[in-house]
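Have a look at query.cif below; it lists mmCIF, C-alpha atoms and all ligand atoms.
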```cif
data_model
#
loop_
_atom_site.group_PDB
_atom_site.id
_atom_site.type_symbol
_atom_site.label_atom_id
_atom_site.label_comp_id
_atom_site.auth_asym_id
_atom_site.auth_seq_id
_atom_site.Cartn_x
_atom_site.Cartn_y
_atom_site.Cartn_z
ATOM 1 C CA MET F 439 126.668 37.957 110.273
ATOM 2 C CA GLY F 440 126.353 34.645 112.083
ATOM 3 C CA LYS F 441 127.294 31.313 110.546
ATOM 4 C CA PRO F 442 129.168 30.934 107.265
ATOM 5 C CA ALA F 443 126.905 30.950 104.227
ATOM 6 C CA ASP F 444 127.204 27.224 103.551
ATOM 7 C CA ALA F 445 126.309 26.102 107.076
ATOM 8 C CA VAL F 446 122.979 24.312 107.398
ATOM 9 C CA SER F 447 121.460 25.597 110.623
ATOM 10 C CA ASP F 448 118.088 23.984 110.072
ATOM 11 C CA PRO F 449 118.269 20.335 108.937
ATOM 12 C CA ASP F 450 114.655 20.573 107.746
ATOM 13 C CA ALA F 451 115.661 23.185 105.179
ATOM 14 C CA VAL F 452 117.406 20.532 103.079
ATOM 15 C CA THR F 453 114.324 18.362 102.769
ATOM 16 C CA VAL F 454 111.487 20.898 102.796
ATOM 17 C CA THR F 455 110.563 21.882 99.273
ATOM 18 C CA GLY F 456 108.407 24.684 97.944
ATOM 19 C CA VAL F 457 107.095 25.783 94.558
ATOM 20 C CA ILE F 458 108.476 29.217 93.712
ATOM 21 C CA THR F 459 108.070 31.474 90.683
ATOM 22 C CA ASP F 460 111.105 33.702 91.101
ATOM 23 C CA ILE F 461 114.033 34.792 93.256
ATOM 24 C CA GLN F 462 114.591 38.516 92.809
ATOM 25 C CA ARG F 463 117.930 39.806 94.066
ATOM 26 C CA PHE F 464 118.630 43.501 94.819
ATOM 27 C CA SER F 465 114.962 44.283 95.366
ATOM 28 C CA ILE F 466 114.173 47.657 96.980
ATOM 29 C CA HIS F 467 110.356 47.525 97.115
ATOM 30 C CA ASP F 468 109.740 44.570 99.412
ATOM 31 C CA GLY F 469 110.815 45.917 102.774
ATOM 32 C CA PRO F 470 113.708 47.962 104.188
ATOM 33 C CA GLY F 471 117.111 48.131 102.503
ATOM 34 C CA ILE F 472 118.372 45.917 99.704
ATOM 35 C CA ARG F 473 116.618 42.567 99.792
ATOM 36 C CA THR F 474 116.260 39.269 98.045
ATOM 37 C CA THR F 475 112.600 38.487 97.454
ATOM 38 C CA VAL F 476 111.451 34.899 97.042
ATOM 39 C CA PHE F 477 108.072 34.554 95.334
ATOM 40 C CA VAL F 478 106.159 31.423 96.297
ATOM 41 C CA LYS F 479 103.268 30.041 94.274
ATOM 42 C CA GLY F 480 99.669 29.728 95.450
ATOM 43 C CA CYS F 481 97.252 32.233 96.998
ATOM 44 C CA PRO F 482 93.785 31.821 98.566
ATOM 45 C CA LEU F 483 92.671 35.290 97.376
ATOM 46 C CA ARG F 484 91.682 36.326 93.863
ATOM 47 C CA CYS F 485 92.144 40.113 93.892
ATOM 48 C CA PHE F 486 91.073 41.232 90.426
ATOM 49 C CA TRP F 487 94.026 43.651 90.196
ATOM 50 C CA CYS F 488 96.702 41.059 91.142
ATOM 51 C CA HIS F 489 100.114 41.877 89.639
ATOM 52 C CA ASN F 490 101.372 38.304 89.887
ATOM 53 C CA PRO F 491 98.672 36.135 88.278
ATOM 54 C CA GLU F 492 101.255 33.450 87.532
ATOM 55 C CA ALA F 493 101.558 32.976 91.314
ATOM 56 C CA LEU F 494 97.858 32.353 92.014
ATOM 57 C CA ALA F 495 97.586 28.597 91.396
ATOM 58 C CA PRO F 496 99.732 26.394 93.642
ATOM 59 C CA ARG F 497 101.001 24.109 90.892
ATOM 60 C CA PRO F 498 103.595 24.860 88.192
ATOM 61 C CA GLU F 499 102.043 26.186 84.955
ATOM 62 C CA LEU F 500 103.189 26.849 81.415
ATOM 63 C CA GLN F 501 103.050 30.499 80.315
ATOM 64 C CA TYR F 502 102.566 31.041 76.591
ATOM 65 C CA TYR F 503 103.415 34.497 75.185
ATOM 66 C CA ALA F 504 101.823 34.337 71.727
ATOM 67 C CA ASP F 505 103.419 37.602 70.588
ATOM 68 C CA ARG F 506 106.894 36.044 70.933
ATOM 69 C CA CYS F 507 106.028 32.923 68.905
ATOM 70 C CA ILE F 508 107.705 32.728 65.467
ATOM 71 C CA ALA F 509 105.835 29.522 64.540
ATOM 72 C CA CYS F 510 109.024 27.481 64.209
ATOM 73 C CA GLY F 511 107.244 24.310 65.373
ATOM 74 C CA ALA F 512 110.131 23.146 67.594
ATOM 75 C CA CYS F 513 107.803 22.608 70.548
ATOM 76 C CA VAL F 514 105.530 20.095 68.779
ATOM 77 C CA ALA F 515 107.658 16.927 68.905
ATOM 78 C CA PRO F 516 108.738 16.999 72.568
ATOM 79 C CA CYS F 517 105.207 17.383 73.938
ATOM 80 C CA PRO F 518 103.913 13.992 75.128
ATOM 81 C CA VAL F 519 100.266 15.113 75.138
ATOM 82 C CA ASN F 520 100.130 16.963 71.780
ATOM 83 C CA ALA F 521 99.361 20.317 73.349
ATOM 84 C CA HIS F 522 101.265 22.115 70.569
ATOM 85 C CA THR F 523 100.175 21.819 66.942
ATOM 86 C CA MET F 524 101.193 23.446 63.675
ATOM 87 C CA ARG F 525 98.704 23.981 60.866
ATOM 88 C CA ASP F 526 99.212 26.097 57.745
ATOM 89 C CA GLY F 527 102.319 27.593 59.258
ATOM 90 C CA GLN F 528 100.494 28.672 62.416
ATOM 91 C CA HIS F 529 101.243 27.425 65.914
ATOM 92 C CA SER F 530 98.480 26.773 68.411
ATOM 93 C CA PHE F 531 98.613 25.738 72.058
ATOM 94 C CA ASP F 532 95.874 23.725 73.806
ATOM 95 C CA ARG F 533 96.227 24.604 77.486
ATOM 96 C CA ALA F 534 93.634 22.004 78.538
ATOM 97 C CA ARG F 535 96.010 19.205 77.486
ATOM 98 C CA CYS F 536 99.139 20.617 79.117
ATOM 99 C CA THR F 537 100.470 18.786 82.193
ATOM 100 C CA ALA F 538 103.229 21.371 82.800
ATOM 101 C CA CYS F 539 106.011 18.814 82.346
ATOM 102 C CA GLY F 540 108.227 21.611 80.968
ATOM 103 C CA ARG F 541 109.759 19.621 78.076
ATOM 104 C CA CYS F 542 108.755 22.113 75.390
ATOM 105 C CA VAL F 543 110.263 25.089 77.194
ATOM 106 C CA GLU F 544 113.846 24.147 76.365
ATOM 107 C CA THR F 545 113.050 23.979 72.639
ATOM 108 C CA CYS F 546 111.561 27.485 72.447
ATOM 109 C CA TYR F 547 114.453 29.882 72.029
ATOM 110 C CA THR F 548 112.241 32.966 71.637
ATOM 111 C CA ARG F 549 110.941 32.380 75.178
ATOM 112 C CA ALA F 550 107.339 32.244 74.049
ATOM 113 C CA LEU F 551 107.109 29.299 76.457
ATOM 114 C CA VAL F 552 108.094 29.934 80.066
ATOM 115 C CA MET F 553 107.409 27.814 83.135
ATOM 116 C CA ALA F 554 105.828 29.528 86.111
ATOM 117 C CA GLY F 555 106.728 27.568 89.204
ATOM 118 C CA GLU F 556 109.670 25.378 90.079
ATOM 119 C CA LYS F 557 110.160 23.047 93.005
ATOM 120 C CA LYS F 558 113.156 24.007 95.157
ATOM 121 C CA ASN F 559 114.364 22.987 98.555
ATOM 122 C CA ALA F 560 114.582 25.668 101.189
ATOM 123 C CA HIS F 561 118.296 25.193 101.821
ATOM 124 C CA ASP F 562 119.190 25.794 98.162
ATOM 125 C CA VAL F 563 117.088 28.961 98.108
ATOM 126 C CA ALA F 564 118.713 30.115 101.346
ATOM 127 C CA GLN F 565 122.127 29.708 99.716
ATOM 128 C CA VAL F 566 121.068 32.086 96.948
ATOM 129 C CA VAL F 567 119.793 34.559 99.529
ATOM 130 C CA LEU F 568 122.988 34.415 101.567
ATOM 131 C CA ARG F 569 125.163 35.350 98.575
ATOM 132 C CA ASP F 570 124.161 38.973 99.107
ATOM 133 C CA ALA F 571 124.572 39.030 102.881
ATOM 134 C CA ALA F 572 127.084 41.900 102.660
ATOM 135 C CA PHE F 573 124.538 44.118 100.913
ATOM 136 C CA TYR F 574 121.889 43.394 103.528
ATOM 137 C CA GLU F 575 124.264 44.362 106.265
ATOM 138 C CA THR F 576 125.262 47.706 104.745
ATOM 139 C CA SER F 577 121.734 48.676 103.634
ATOM 140 C CA GLY F 578 119.650 47.336 106.535
ATOM 141 C CA GLY F 579 118.035 44.839 104.156
ATOM 142 C CA GLY F 580 117.440 41.103 104.221
ATOM 143 C CA VAL F 581 115.172 38.463 102.759
ATOM 144 C CA THR F 582 111.441 38.733 102.010
ATOM 145 C CA VAL F 583 109.126 35.869 101.142
ATOM 146 C CA SER F 584 106.304 37.125 98.949
ATOM 147 C CA GLY F 585 104.037 35.581 96.399
ATOM 148 C CA GLY F 586 101.459 34.343 95.975
ATOM 149 C CA GLU F 587 101.008 33.796 99.652
ATOM 150 C CA PRO F 588 104.036 32.754 101.747
ATOM 151 C CA LEU F 589 101.740 31.132 104.301
ATOM 152 C CA GLN F 590 100.271 28.770 101.698
ATOM 153 C CA GLN F 591 103.610 26.946 101.931
ATOM 154 C CA PRO F 592 104.322 27.453 105.632
ATOM 155 C CA GLU F 593 106.899 24.673 106.046
ATOM 156 C CA PHE F 594 108.983 26.007 103.169
ATOM 157 C CA THR F 595 108.701 29.626 104.313
ATOM 158 C CA ARG F 596 109.581 28.693 107.875
ATOM 159 C CA ALA F 597 112.583 26.589 106.861
ATOM 160 C CA LEU F 598 113.895 29.266 104.475
ATOM 161 C CA LEU F 599 113.472 32.158 106.897
ATOM 162 C CA GLY F 600 114.794 30.051 109.781
ATOM 163 C CA GLU F 601 118.026 29.324 107.937
ATOM 164 C CA CYS F 602 118.472 32.926 106.802
ATOM 165 C CA ARG F 603 117.787 34.299 110.243
ATOM 166 C CA ALA F 604 120.240 31.886 111.852
ATOM 167 C CA ALA F 605 122.851 33.373 109.508
ATOM 168 C CA GLY F 606 122.057 36.858 110.822
ATOM 169 C CA VAL F 607 119.812 37.989 107.959
ATOM 170 C CA HIS F 608 116.711 40.142 108.618
ATOM 171 C CA THR F 609 113.562 38.232 107.611
ATOM 172 C CA ALA F 610 110.207 39.475 106.332
ATOM 173 C CA ILE F 611 107.004 38.171 104.767
ATOM 174 C CA GLU F 612 104.454 39.877 102.535
ATOM 175 C CA THR F 613 101.132 38.242 103.339
ATOM 176 C CA ALA F 614 97.441 38.716 102.668
ATOM 177 C CA GLY F 615 96.851 37.316 106.156
ATOM 178 C CA HIS F 616 93.997 34.993 105.191
ATOM 179 C CA VAL F 617 95.354 31.947 107.031
ATOM 180 C CA SER F 618 94.854 30.195 110.367
ATOM 181 C CA TRP F 619 96.516 31.820 113.354
ATOM 182 C CA ASP F 620 98.421 28.594 114.157
ATOM 183 C CA ARG F 621 100.062 28.668 110.743
ATOM 184 C CA LEU F 622 100.870 32.331 111.001
ATOM 185 C CA ARG F 623 102.241 32.120 114.544
ATOM 186 C CA ASP F 624 104.596 29.323 113.560
ATOM 187 C CA VAL F 625 106.141 31.428 110.774
ATOM 188 C CA LEU F 626 106.261 34.505 113.035
ATOM 189 C CA SER F 627 108.767 32.659 115.197
ATOM 190 C CA VAL F 628 111.373 33.240 112.440
ATOM 191 C CA THR F 629 110.055 36.554 111.074
ATOM 192 C CA ASP F 630 111.378 40.031 111.927
ATOM 193 C CA LEU F 631 108.829 42.042 109.925
ATOM 194 C CA VAL F 632 105.352 41.414 108.509
ATOM 195 C CA MET F 633 104.011 43.420 105.574
ATOM 196 C CA MET F 634 100.291 42.837 105.314
ATOM 197 C CA ASP F 635 97.476 44.194 103.163
ATOM 198 C CA VAL F 636 94.258 45.603 104.557
ATOM 199 C CA LYS F 637 92.236 46.265 101.425
ATOM 200 C CA THR F 638 88.943 47.437 102.867
ATOM 201 C CA MET F 639 87.075 47.317 106.176
ATOM 202 C CA ASN F 640 83.835 46.454 104.387
ATOM 203 C CA PRO F 641 83.468 42.642 104.408
ATOM 204 C CA GLU F 642 81.126 42.536 101.417
ATOM 205 C CA THR F 643 83.338 44.797 99.269
ATOM 206 C CA HIS F 644 86.288 42.671 100.341
ATOM 207 C CA ARG F 645 84.541 39.493 99.257
ATOM 208 C CA GLU F 646 83.555 40.939 95.900
ATOM 209 C CA ALA F 647 87.064 42.257 95.224
ATOM 210 C CA THR F 648 89.137 39.327 96.505
ATOM 211 C CA GLY F 649 86.856 36.298 96.781
ATOM 212 C CA VAL F 650 87.061 36.132 100.601
ATOM 213 C CA THR F 651 85.752 38.255 103.470
ATOM 214 C CA ASN F 652 88.117 40.153 105.736
ATOM 215 C CA GLU F 653 87.313 38.917 109.266
ATOM 216 C CA ARG F 654 90.231 36.515 109.496
ATOM 217 C CA ILE F 655 92.636 39.064 107.997
ATOM 218 C CA LEU F 656 91.682 41.762 110.500
ATOM 219 C CA ALA F 657 91.843 39.312 113.402
ATOM 220 C CA ASN F 658 95.322 38.228 112.303
ATOM 221 C CA ALA F 659 96.508 41.842 112.053
ATOM 222 C CA ARG F 660 95.462 42.356 115.695
ATOM 223 C CA ARG F 661 97.163 39.125 116.741
ATOM 224 C CA ILE F 662 100.423 39.985 114.968
ATOM 225 C CA SER F 663 100.371 43.284 116.794
ATOM 226 C CA GLU F 664 99.731 41.606 120.160
ATOM 227 C CA HIS F 665 102.504 39.127 119.355
ATOM 228 C CA GLY F 666 104.813 42.143 119.002
ATOM 229 C CA THR F 667 106.157 41.493 115.501
ATOM 230 C CA PRO F 668 106.784 44.788 113.675
ATOM 231 C CA LEU F 669 104.006 45.300 111.140
ATOM 232 C CA ILE F 670 103.700 47.416 108.003
ATOM 233 C CA VAL F 671 100.100 47.622 106.812
ATOM 234 C CA ARG F 672 99.522 48.331 103.137
ATOM 235 C CA THR F 673 96.465 49.282 101.147
ATOM 236 C CA PRO F 674 96.548 48.967 97.378
ATOM 237 C CA VAL F 675 94.389 51.940 96.319
ATOM 238 C CA VAL F 676 92.108 50.489 93.648
ATOM 239 C CA PRO F 677 89.366 52.419 91.804
ATOM 240 C CA GLY F 678 85.910 51.345 92.948
ATOM 241 C CA VAL F 679 87.257 49.330 95.883
ATOM 242 C CA ASN F 680 88.778 51.808 98.350
ATOM 243 C CA ASP F 681 89.696 55.054 96.535
ATOM 244 C CA THR F 682 87.634 57.305 98.797
ATOM 245 C CA LYS F 683 88.490 59.257 101.940
ATOM 246 C CA GLU F 684 85.810 57.320 103.818
ATOM 247 C CA ALA F 685 87.212 53.909 102.876
ATOM 248 C CA ILE F 686 90.787 54.917 103.744
ATOM 249 C CA ALA F 687 89.686 56.584 106.996
ATOM 250 C CA ALA F 688 88.010 53.351 108.093
ATOM 251 C CA ILE F 689 91.227 51.401 107.479
ATOM 252 C CA ALA F 690 93.431 54.072 109.087
ATOM 253 C CA GLY F 691 91.248 54.013 112.202
ATOM 254 C CA PHE F 692 91.785 50.271 112.498
ATOM 255 C CA VAL F 693 95.492 50.528 111.758
ATOM 256 C CA SER F 694 96.030 53.271 114.338
ATOM 257 C CA GLU F 695 95.160 50.793 117.109
ATOM 258 C CA LEU F 696 97.860 48.279 116.145
ATOM 259 C CA GLN F 697 100.633 48.578 118.734
ATOM 260 C CA SER F 698 103.420 47.057 116.647
ATOM 261 C CA LEU F 699 102.678 49.211 113.595
ATOM 262 C CA VAL F 700 105.797 50.569 111.877
ATOM 263 C CA LYS F 701 103.911 52.535 109.220
ATOM 264 C CA TYR F 702 100.894 52.516 106.955
ATOM 265 C CA GLU F 703 101.461 52.560 103.173
ATOM 266 C CA LEU F 704 99.037 53.477 100.401
ATOM 267 C CA LEU F 705 100.093 51.760 97.193
ATOM 268 C CA ARG F 706 98.784 53.278 93.998
ATOM 269 C CA PHE F 707 97.119 50.732 91.718
ATOM 270 C CA HIS F 708 99.055 50.185 88.477
ATOM 271 C CA MET F 709 98.020 47.909 85.659
ATOM 272 C CA MET F 710 101.213 46.160 84.633
ATOM 273 C CA ALA F 711 100.255 42.516 84.304
ATOM 274 C CA GLY F 712 97.972 42.358 81.224
ATOM 275 C CA ALA F 713 100.349 40.186 79.182
ATOM 276 C CA LYS F 714 100.921 37.878 82.137
ATOM 277 C CA TYR F 715 97.174 37.196 82.418
ATOM 278 C CA ALA F 716 96.938 36.189 78.752
ATOM 279 C CA ALA F 717 100.061 34.023 79.044
ATOM 280 C CA ILE F 718 98.518 31.988 81.838
ATOM 281 C CA GLY F 719 95.103 31.727 80.181
ATOM 282 C CA LEU F 720 93.307 34.101 82.551
ATOM 283 C CA GLU F 721 91.107 37.082 81.797
ATOM 284 C CA CYS F 722 92.502 40.497 82.767
ATOM 285 C CA ARG F 723 89.740 42.565 84.420
ATOM 286 C CA THR F 724 91.572 45.845 84.947
ATOM 287 C CA ALA F 725 92.125 47.057 81.384
ATOM 288 C CA ASP F 726 89.584 49.881 81.793
ATOM 289 C CA LEU F 727 90.764 51.094 85.205
ATOM 290 C CA THR F 728 92.647 54.378 85.576
ATOM 291 C CA PRO F 729 95.297 54.569 88.326
ATOM 292 C CA PRO F 730 94.597 57.140 91.080
ATOM 293 C CA ASP F 731 96.277 60.482 90.313
ATOM 294 C CA ASP F 732 98.778 62.310 92.535
ATOM 295 C CA ASP F 733 96.151 64.645 93.958
ATOM 296 C CA LEU F 734 93.929 61.798 95.124
ATOM 297 C CA MET F 735 96.874 59.912 96.636
ATOM 298 C CA GLU F 736 97.893 63.057 98.553
ATOM 299 C CA ARG F 737 94.370 63.600 99.868
ATOM 300 C CA LEU F 738 94.002 59.959 100.944
ATOM 301 C CA THR F 739 97.406 60.087 102.627
ATOM 302 C CA ALA F 740 96.474 63.239 104.538
ATOM 303 C CA ARG F 741 93.216 61.655 105.695
ATOM 304 C CA ALA F 742 95.020 58.538 106.910
ATOM 305 C CA ALA F 743 97.693 60.621 108.669
ATOM 306 C CA SER F 744 94.978 62.445 110.616
ATOM 307 C CA PHE F 745 94.645 59.241 112.666
ATOM 308 C CA GLY F 746 98.125 59.806 114.067
ATOM 309 C CA VAL F 747 99.966 57.106 112.147
ATOM 310 C CA THR F 748 103.007 57.410 109.876
ATOM 311 C CA VAL F 749 101.717 57.187 106.310
ATOM 312 C CA GLU F 750 103.593 56.882 103.017
ATOM 313 C CA HIS F 751 102.273 56.509 99.510
ATOM 314 C CA THR F 752 103.605 55.458 96.126
HETATM 315 S S1 LIG F 801 104.743 21.747 79.414
HETATM 316 FE FE1 LIG F 801 104.802 19.567 78.783
HETATM 317 S S2 LIG F 801 102.638 18.999 78.520
HETATM 318 FE FE2 LIG F 801 102.708 21.258 78.565
HETATM 319 S S3 LIG F 801 102.833 21.850 76.437
HETATM 320 FE FE3 LIG F 801 104.954 21.714 77.189
HETATM 321 S S4 LIG F 801 105.641 19.619 76.708
HETATM 322 FE FE4 LIG F 801 103.390 19.671 76.511
HETATM 323 S S1 LIG F 802 108.909 26.629 69.953
HETATM 324 FE FE1 LIG F 802 108.186 28.616 70.693
HETATM 325 S S2 LIG F 802 108.391 29.963 68.901
HETATM 326 FE FE2 LIG F 802 108.457 27.855 68.133
HETATM 327 S S3 LIG F 802 106.322 27.347 67.633
HETATM 328 FE FE3 LIG F 802 106.673 26.658 69.714
HETATM 329 S S4 LIG F 802 105.983 28.386 70.998
HETATM 330 FE FE4 LIG F 802 106.274 29.183 68.914
#
```

Will you turn the file into structure tokens for me?
Amino acid sequence: MGKPADAVSDPDAVTVTGVITDIQRFSIHDGPGIRTTVFVKGCPLRCFWCHNPEALAPRPELQYYADRCIACGACVAPCPVNAHTMRDGQHSFDRARCTACGRCVETCYTRALVMAGEKKNAHDVAQVVLRDAAFYETSGGGVTVSGGEPLQQPEFTRALLGECRAAGVHTAIETAGHVSWDRLRDVLSVTDLVMMDVKTMNPETHREATGVTNERILANARRISEHGTPLIVRTPVVPGVNDTKEAIAAIAGFVSELQSLVKYELLRFHMMAGAKYAAIGLECRTADLTPPDDDLMERLTARAASFGVTVEHT
């Protein structure tokens, strides 16, 4: 390890703030080894299967889990905009009034009310990351900035990764890649590994599934590769979007030409976020989807591997 954990190697890190939804320590799914994953808020895509809907909007939001509410009424008085009301022993929440000030959250001991998104400065977050430096060293892990989209808050991501890297910690981002090259290149200067989704090669399918076309994403994947930053490409295998041998073969063909590719991963779609959608006031559109079975995942993996790349699947 480099500098002691409390050294500030990047003066900007003290003043640069970001809005984050979570800091997950001892994570093993967001890159090599044991990692700390920092989830930032805000994403330009709207993938209908997103597992982190609370990270889509850039601003802090109040999550309301109605099934945890015991109708105690404690949240009514502290709310300055009367977003909470009690009538006939029933609690109701008017999201349209809520300004996400967070005052009601402290009064709700059943955790029916939870804030999604908190402003933090990069140095403070780096201090949390550096607590586990010994584990990164023994496991080959490090820090990952995920989201949301890390490149929606490029100054924060850069300051955080810059400080961690200066302390000898391996740095990674999980990105959708739908950002300007200038923004991406700046963050690459402090990034050891990029994990990036390629969801489909078909621009129209991509637009329907995510809200944006894929030209910029594919161009950025090529540029990352030319830049020389190690790259893991991932495809979430989603029914009706890319769960065919043809769709995966098209992506694998593209991926096989990326010089800095470490591996290609096929991630089985799982529906785990239904309650989170309701809590944030969004509609969940995956309730009727069935995750791909083992046989399909094996066949898609074999097809992708036929392009000569290392392929793993979940
Ligand atoms: S977060 Fe603030 S504005 Fe929103 S419901 Fe709670 S107290 Fe009211
Ligand atoms: S404080 Fe929590 S449990 Fe009590 S009424 Fe409000 S949301 Fe429901």

Near region 574-580 of chain F, counting all atoms listed in the file, which residues have an atom at most 8 Å away, once you skip same-chain residues fewer than 5 positions from it, shown as a VMD selection string? chain F and resid 439 469 to 474 607 to 610

I need the residues from that last selection saved to file as a tab-separated table (two decimals), keeping the file's coordinate frame (with C-alpha atoms), if you can.
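Done, and the output landed in again22.tsv:
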```tsv
chain	number	residue	atom	x	y	z
F	439	MET	CA	126.67	37.96	110.27
F	469	GLY	CA	110.82	45.92	102.77
F	470	PRO	CA	113.71	47.96	104.19
F	471	GLY	CA	117.11	48.13	102.50
F	472	ILE	CA	118.37	45.92	99.70
F	473	ARG	CA	116.62	42.57	99.79
F	474	THR	CA	116.26	39.27	98.04
F	607	VAL	CA	119.81	37.99	107.96
F	608	HIS	CA	116.71	40.14	108.62
F	609	THR	CA	113.56	38.23	107.61
F	610	ALA	CA	110.21	39.48	106.33
```

Can you spell out as a PDB file with C-alpha atoms, keeping the file's coordinate frame the set of residues that the PyMOL selection byres (((not hetatm)) within 9 of (chain F and resi 801)) selects in the structure I just provided?
```
ATOM      1  CA  GLU F 499     102.043  26.186  84.955  1.00  0.00           C
ATOM      2  CA  LEU F 500     103.189  26.849  81.415  1.00  0.00           C
ATOM      3  CA  GLN F 501     103.050  30.499  80.315  1.00  0.00           C
ATOM      4  CA  CYS F 513     107.803  22.608  70.548  1.00  0.00           C
ATOM      5  CA  VAL F 514     105.530  20.095  68.779  1.00  0.00           C
ATOM      6  CA  ALA F 515     107.658  16.927  68.905  1.00  0.00           C
ATOM      7  CA  PRO F 516     108.738  16.999  72.568  1.00  0.00           C
ATOM      8  CA  CYS F 517     105.207  17.383  73.938  1.00  0.00           C
ATOM      9  CA  PRO F 518     103.913  13.992  75.128  1.00  0.00           C
ATOM     10  CA  VAL F 519     100.266  15.113  75.138  1.00  0.00           C
ATOM     11  CA  ASN F 520     100.130  16.963  71.780  1.00  0.00           C
ATOM     12  CA  ALA F 521      99.361  20.317  73.349  1.00  0.00           C
ATOM     13  CA  HIS F 522     101.265  22.115  70.569  1.00  0.00           C
ATOM     14  CA  PHE F 531      98.613  25.738  72.058  1.00  0.00           C
ATOM     15  CA  ASP F 532      95.874  23.725  73.806  1.00  0.00           C
ATOM     16  CA  ARG F 533      96.227  24.604  77.486  1.00  0.00           C
ATOM     17  CA  ARG F 535      96.010  19.205  77.486  1.00  0.00           C
ATOM     18  CA  CYS F 536      99.139  20.617  79.117  1.00  0.00           C
ATOM     19  CA  THR F 537     100.470  18.786  82.193  1.00  0.00           C
ATOM     20  CA  ALA F 538     103.229  21.371  82.800  1.00  0.00           C
ATOM     21  CA  CYS F 539     106.011  18.814  82.346  1.00  0.00           C
ATOM     22  CA  GLY F 540     108.227  21.611  80.968  1.00  0.00           C
ATOM     23  CA  ARG F 541     109.759  19.621  78.076  1.00  0.00           C
ATOM     24  CA  CYS F 542     108.755  22.113  75.390  1.00  0.00           C
ATOM     25  CA  VAL F 543     110.263  25.089  77.194  1.00  0.00           C
ATOM     26  CA  LEU F 551     107.109  29.299  76.457  1.00  0.00           C
ATOM     27  CA  VAL F 552     108.094  29.934  80.066  1.00  0.00           C
ATOM     28  CA  MET F 553     107.409  27.814  83.135  1.00  0.00           C
TER      29      MET F 553
END
```

Listed atoms of ligand LIG 802 (chain F), axis-aligned box, 4 Å per side: centre and edge lengths to one decimal in Å, as AutoDock Vina command-line options?
```
--center_x 107.4 --center_y 28.3 --center_z 69.3 --size_x 10.9 --size_y 11.3 --size_z 11.4
```

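What separates CA of Asn490 (chain F) from CA of Phe477 (chain F) is a distance of 9.4 Å.
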
Using all atoms listed in the file, what are the residues with an atom within 9 Å of ligand LIG 802 (chain F), set out as an NGL selection string? :F and (502-504 or 506-514 or 522-524 or 528-531 or 542-551)

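Nearest-residue note for Leu568 (chain F): choosing from F:Pro730, F:Arg463, F:Glu492, F:Ser627, the minimum distance belongs to F:Arg463, counting all atoms listed in the file.
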
Run through the PyMOL selection byres (((chain F and resi 663-675) around 9) and not hetatm) on the given coordinates and return the selected residues as JSON, numbers by chain. {"F": [469, 623, 626, 629, 630, 631, 632, 633, 634, 635, 636, 637, 638, 658, 659, 660, 661, 662, 676, 677, 679, 680, 681, 682, 686, 689, 693, 696, 697, 698, 699, 700, 701, 702, 703, 704, 705, 706, 707, 729, 730, 735]}

Polymer residues at most 10 Å from Arg621 (chain F), all atoms listed in the file, same-chain spacing of 3 or more positions, as a count of residues only: 11

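The closest residue to Leu483 (chain F), picked from F:Ala685, F:Ala657, F:Ala647, F:Ile718 and counting only C-alpha atoms, is F:Ala647.
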
Specify as a CSV table (one decimal) with C-alpha atoms, keeping the file's coordinate frame each residue included when the PyMOL selection byres (((chain F and resi 479) around 7) and not hetatm) is applied to this file.
```
chain,number,residue,atom,x,y,z
F,457,VAL,CA,107.1,25.8,94.6
F,458,ILE,CA,108.5,29.2,93.7
F,459,THR,CA,108.1,31.5,90.7
F,477,PHE,CA,108.1,34.6,95.3
F,478,VAL,CA,106.2,31.4,96.3
F,480,GLY,CA,99.7,29.7,95.4
F,481,CYS,CA,97.3,32.2,97.0
F,493,ALA,CA,101.6,33.0,91.3
F,494,LEU,CA,97.9,32.4,92.0
F,495,ALA,CA,97.6,28.6,91.4
F,496,PRO,CA,99.7,26.4,93.6
F,555,GLY,CA,106.7,27.6,89.2
F,585,GLY,CA,104.0,35.6,96.4
F,586,GLY,CA,101.5,34.3,96.0
F,587,GLU,CA,101.0,33.8,99.7
```

Of the candidates F:Cys488, F:Ile466, F:Val566, F:Ala687, which shows the shortest atom-to-atom distance to Glu721 (chain F), using all atoms listed in the file? F:Cys488

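In this structure, CA of Asn640 (chain F) sits 7.7 Å away from CA of Asn652 (chain F).
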
Distance of CA of Lys557 (chain F) from CA of Val628 (chain F), expressed in Å to one decimal place: 22.0 Å

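When all atoms listed in the file are used to measure the gap to Leu727 (chain F), the shortest distance among F:His708, F:Arg654, F:Glu642, F:Thr582 belongs to F:His708.
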
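Nearest to Ala604 (chain F) of all the residues F:Ala716, F:Val749, F:Ala564, F:Val476 is F:Ala564, counting all atoms listed in the file.
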